[in-house]
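Pasted below: input_4.pdb, PDB, C-alpha atoms, pLDDT in the B column.
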ATOM      1  CA  MET C 108      97.843 109.000 116.336  1.00 79.00           C
ATOM      2  CA  LEU C 109      95.137 107.032 114.577  1.00 86.00           C
ATOM      3  CA  SER C 110      92.710 105.008 116.619  1.00 96.00           C
ATOM      4  CA  GLU C 111      92.462 101.269 116.042  1.00 96.00           C
ATOM      5  CA  ASP C 112      89.001 101.784 114.531  1.00 96.00           C
ATOM      6  CA  LYS C 113      90.343 104.252 111.964  1.00 96.00           C
ATOM      7  CA  ILE C 114      93.214 101.939 111.084  1.00 96.00           C
ATOM      8  CA  ALA C 115      90.840  98.992 110.729  1.00 96.00           C
ATOM      9  CA  GLN C 116      88.554 101.054 108.461  1.00 97.00           C
ATOM     10  CA  ARG C 117      91.457 102.118 106.258  1.00 97.00           C
ATOM     11  CA  VAL C 118      92.858  98.608 106.017  1.00 97.00           C
ATOM     12  CA  GLY C 119      89.396  97.288 105.195  1.00 97.00           C
ATOM     13  CA  ALA C 120      88.879  99.883 102.468  1.00 97.00           C
ATOM     14  CA  ALA C 121      92.341  99.272 101.020  1.00 98.00           C
ATOM     15  CA  SER C 122      91.879  95.508 100.916  1.00 98.00           C
ATOM     16  CA  GLU C 123      88.479  95.958  99.280  1.00 98.00           C
ATOM     17  CA  GLN C 124      90.047  98.102  96.546  1.00 98.00           C
ATOM     18  CA  LEU C 125      92.851  95.587  96.107  1.00 98.00           C
ATOM     19  CA  SER C 126      90.360  92.750  95.875  1.00 98.00           C
ATOM     20  CA  GLU C 127      88.442  94.620  93.162  1.00 97.00           C
ATOM     21  CA  LYS C 128      91.655  95.281  91.201  1.00 98.00           C
ATOM     22  CA  LEU C 129      92.623  91.615  91.450  1.00 97.00           C
ATOM     23  CA  ASN C 130      89.177  90.591  90.199  1.00 97.00           C
ATOM     24  CA  GLN C 131      89.526  92.965  87.227  1.00 97.00           C
ATOM     25  CA  LEU C 132      92.963  91.545  86.473  1.00 97.00           C
ATOM     26  CA  ARG C 133      91.663  87.984  86.720  1.00 96.00           C
ATOM     27  CA  ARG C 134      88.821  88.778  84.296  1.00 96.00           C
ATOM     28  CA  MET C 135      91.283  90.362  81.857  1.00 95.00           C
ATOM     29  CA  LEU C 136      93.564  87.331  82.024  1.00 95.00           C
ATOM     30  CA  LEU C 137      90.627  84.954  81.558  1.00 94.00           C
ATOM     31  CA  MET C 138      89.505  86.911  78.492  1.00 94.00           C
ATOM     32  CA  GLN C 139      93.040  86.899  77.093  1.00 92.00           C
ATOM     33  CA  ASP C 140      93.270  83.162  77.693  1.00 91.00           C
ATOM     34  CA  TYR C 141      89.884  82.686  76.006  1.00 88.00           C
ATOM     35  CA  PHE C 142      90.965  84.643  72.921  1.00 89.00           C
ATOM     36  CA  GLU C 143      94.310  82.817  72.703  1.00 90.00           C
ATOM     37  CA  THR C 144      92.464  79.488  72.849  1.00 90.00           C
ATOM     38  CA  ALA C 145      89.965  80.667  70.223  1.00 88.00           C
ATOM     39  CA  LYS C 146      92.811  81.801  67.957  1.00 87.00           C
ATOM     40  CA  ILE C 147      94.588  78.453  68.253  1.00 86.00           C
ATOM     41  CA  SER C 148      91.413  76.466  67.616  1.00 86.00           C
ATOM     42  CA  THR C 149      90.702  78.647  64.547  1.00 88.00           C
ATOM     43  CA  ILE C 150      94.203  77.968  63.211  1.00 87.00           C
ATOM     44  CA  LEU C 151      93.842  74.237  63.832  1.00 86.00           C
ATOM     45  CA  ALA C 152      90.343  74.032  62.335  1.00 78.00           C
TER      46      ALA C 152
END
Taking this structure as input, can you express it in the form of structure tokens?
Amino acid sequence: MLSEDKIAQRVGAASEQLSEKLNQLRRMLLMQDYFETAKISTILA
């Protein structure tokens, strides 16, 4: 049986990893959005 401390540590580490992955995903989506916008403005120019 895991102690509450161990569980809390594991949950904390897991949520930290998840947070990092979500930040990476957000940056990727922002870049994609930026390039789509740039493409459209180039076409319209």
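Separating atom CA of C:Ala152 from atom CA of C:Leu137 is a distance of 22.1 Å.
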- Task: Go ahead and compute the interatomic distance for atom CA of C:Gly119 and atom CA of C:Arg133, in Å to one decimal.
- Result: 20.8 Å
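Put simply, atom CA of C:Ser148 is 28.3 Å away from atom CA of C:Leu129.
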Kindly reconstruct stretch 113-143 of chain C with N, CA and C atoms and present the result as a short mmCIF file (atom, residue, chain, number, x, y, z; two decimals), keeping the file's coordinate frame.
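And here's result.cif as it stands now:
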data_model
loop_
_atom_site.label_atom_id
_atom_site.label_comp_id
_atom_site.auth_asym_id
_atom_site.auth_seq_id
_atom_site.Cartn_x
_atom_site.Cartn_y
_atom_site.Cartn_z
N LYS C 113 89.99 103.56 113.21
CA LYS C 113 90.34 104.25 111.96
C LYS C 113 91.28 103.39 111.13
N ILE C 114 92.26 102.80 111.79
CA ILE C 114 93.21 101.94 111.08
C ILE C 114 92.48 100.76 110.46
N ALA C 115 91.60 100.14 111.23
CA ALA C 115 90.84 98.99 110.73
C ALA C 115 89.99 99.39 109.52
N GLN C 116 89.37 100.57 109.58
CA GLN C 116 88.55 101.05 108.46
C GLN C 116 89.41 101.24 107.22
N ARG C 117 90.58 101.86 107.40
CA ARG C 117 91.46 102.12 106.26
C ARG C 117 91.98 100.83 105.66
N VAL C 118 92.37 99.90 106.50
CA VAL C 118 92.86 98.61 106.02
C VAL C 118 91.74 97.87 105.28
N GLY C 119 90.54 97.93 105.84
CA GLY C 119 89.40 97.29 105.20
C GLY C 119 89.11 97.88 103.83
N ALA C 120 89.13 99.21 103.74
CA ALA C 120 88.88 99.88 102.47
C ALA C 120 89.98 99.56 101.46
N ALA C 121 91.21 99.56 101.91
CA ALA C 121 92.34 99.27 101.02
C ALA C 121 92.27 97.84 100.49
N SER C 122 91.93 96.90 101.36
CA SER C 122 91.88 95.51 100.92
C SER C 122 90.69 95.28 99.99
N GLU C 123 89.63 96.04 100.18
CA GLU C 123 88.48 95.96 99.28
C GLU C 123 88.87 96.44 97.88
N GLN C 124 89.58 97.57 97.83
CA GLN C 124 90.05 98.10 96.55
C GLN C 124 90.99 97.12 95.87
N LEU C 125 91.90 96.55 96.65
CA LEU C 125 92.85 95.59 96.11
C LEU C 125 92.12 94.37 95.56
N SER C 126 91.14 93.90 96.29
CA SER C 126 90.36 92.75 95.88
C SER C 126 89.67 93.03 94.54
N GLU C 127 89.11 94.23 94.41
CA GLU C 127 88.44 94.62 93.16
C GLU C 127 89.44 94.66 92.00
N LYS C 128 90.62 95.22 92.25
CA LYS C 128 91.66 95.28 91.20
C LYS C 128 92.08 93.87 90.78
N LEU C 129 92.23 92.99 91.76
CA LEU C 129 92.62 91.62 91.45
C LEU C 129 91.54 90.91 90.65
N ASN C 130 90.28 91.18 90.97
CA ASN C 130 89.18 90.59 90.20
C ASN C 130 89.19 91.09 88.76
N GLN C 131 89.44 92.40 88.58
CA GLN C 131 89.53 92.96 87.23
C GLN C 131 90.66 92.30 86.45
N LEU C 132 91.80 92.16 87.11
CA LEU C 132 92.96 91.54 86.47
C LEU C 132 92.66 90.10 86.08
N ARG C 133 92.00 89.38 87.00
CA ARG C 133 91.66 87.98 86.72
C ARG C 133 90.74 87.88 85.51
N ARG C 134 89.73 88.79 85.45
CA ARG C 134 88.82 88.78 84.30
C ARG C 134 89.57 89.07 83.00
N MET C 135 90.50 90.04 83.05
CA MET C 135 91.28 90.36 81.86
C MET C 135 92.11 89.16 81.41
N LEU C 136 92.74 88.49 82.36
CA LEU C 136 93.56 87.33 82.02
C LEU C 136 92.71 86.19 81.49
N LEU C 137 91.53 85.99 82.05
CA LEU C 137 90.63 84.95 81.56
C LEU C 137 90.20 85.25 80.13
N MET C 138 89.90 86.52 79.84
CA MET C 138 89.50 86.91 78.49
C MET C 138 90.66 86.69 77.52
N GLN C 139 91.86 87.08 77.94
CA GLN C 139 93.04 86.90 77.09
C GLN C 139 93.25 85.41 76.81
N ASP C 140 93.12 84.60 77.83
CA ASP C 140 93.27 83.16 77.69
C ASP C 140 92.21 82.62 76.73
N TYR C 141 90.98 83.11 76.87
CA TYR C 141 89.88 82.69 76.01
C TYR C 141 90.19 83.00 74.54
N PHE C 142 90.68 84.24 74.30
CA PHE C 142 90.96 84.64 72.92
C PHE C 142 92.15 83.87 72.34
N GLU C 143 93.17 83.62 73.16
CA GLU C 143 94.31 82.82 72.70
C GLU C 143 93.83 81.42 72.30
#
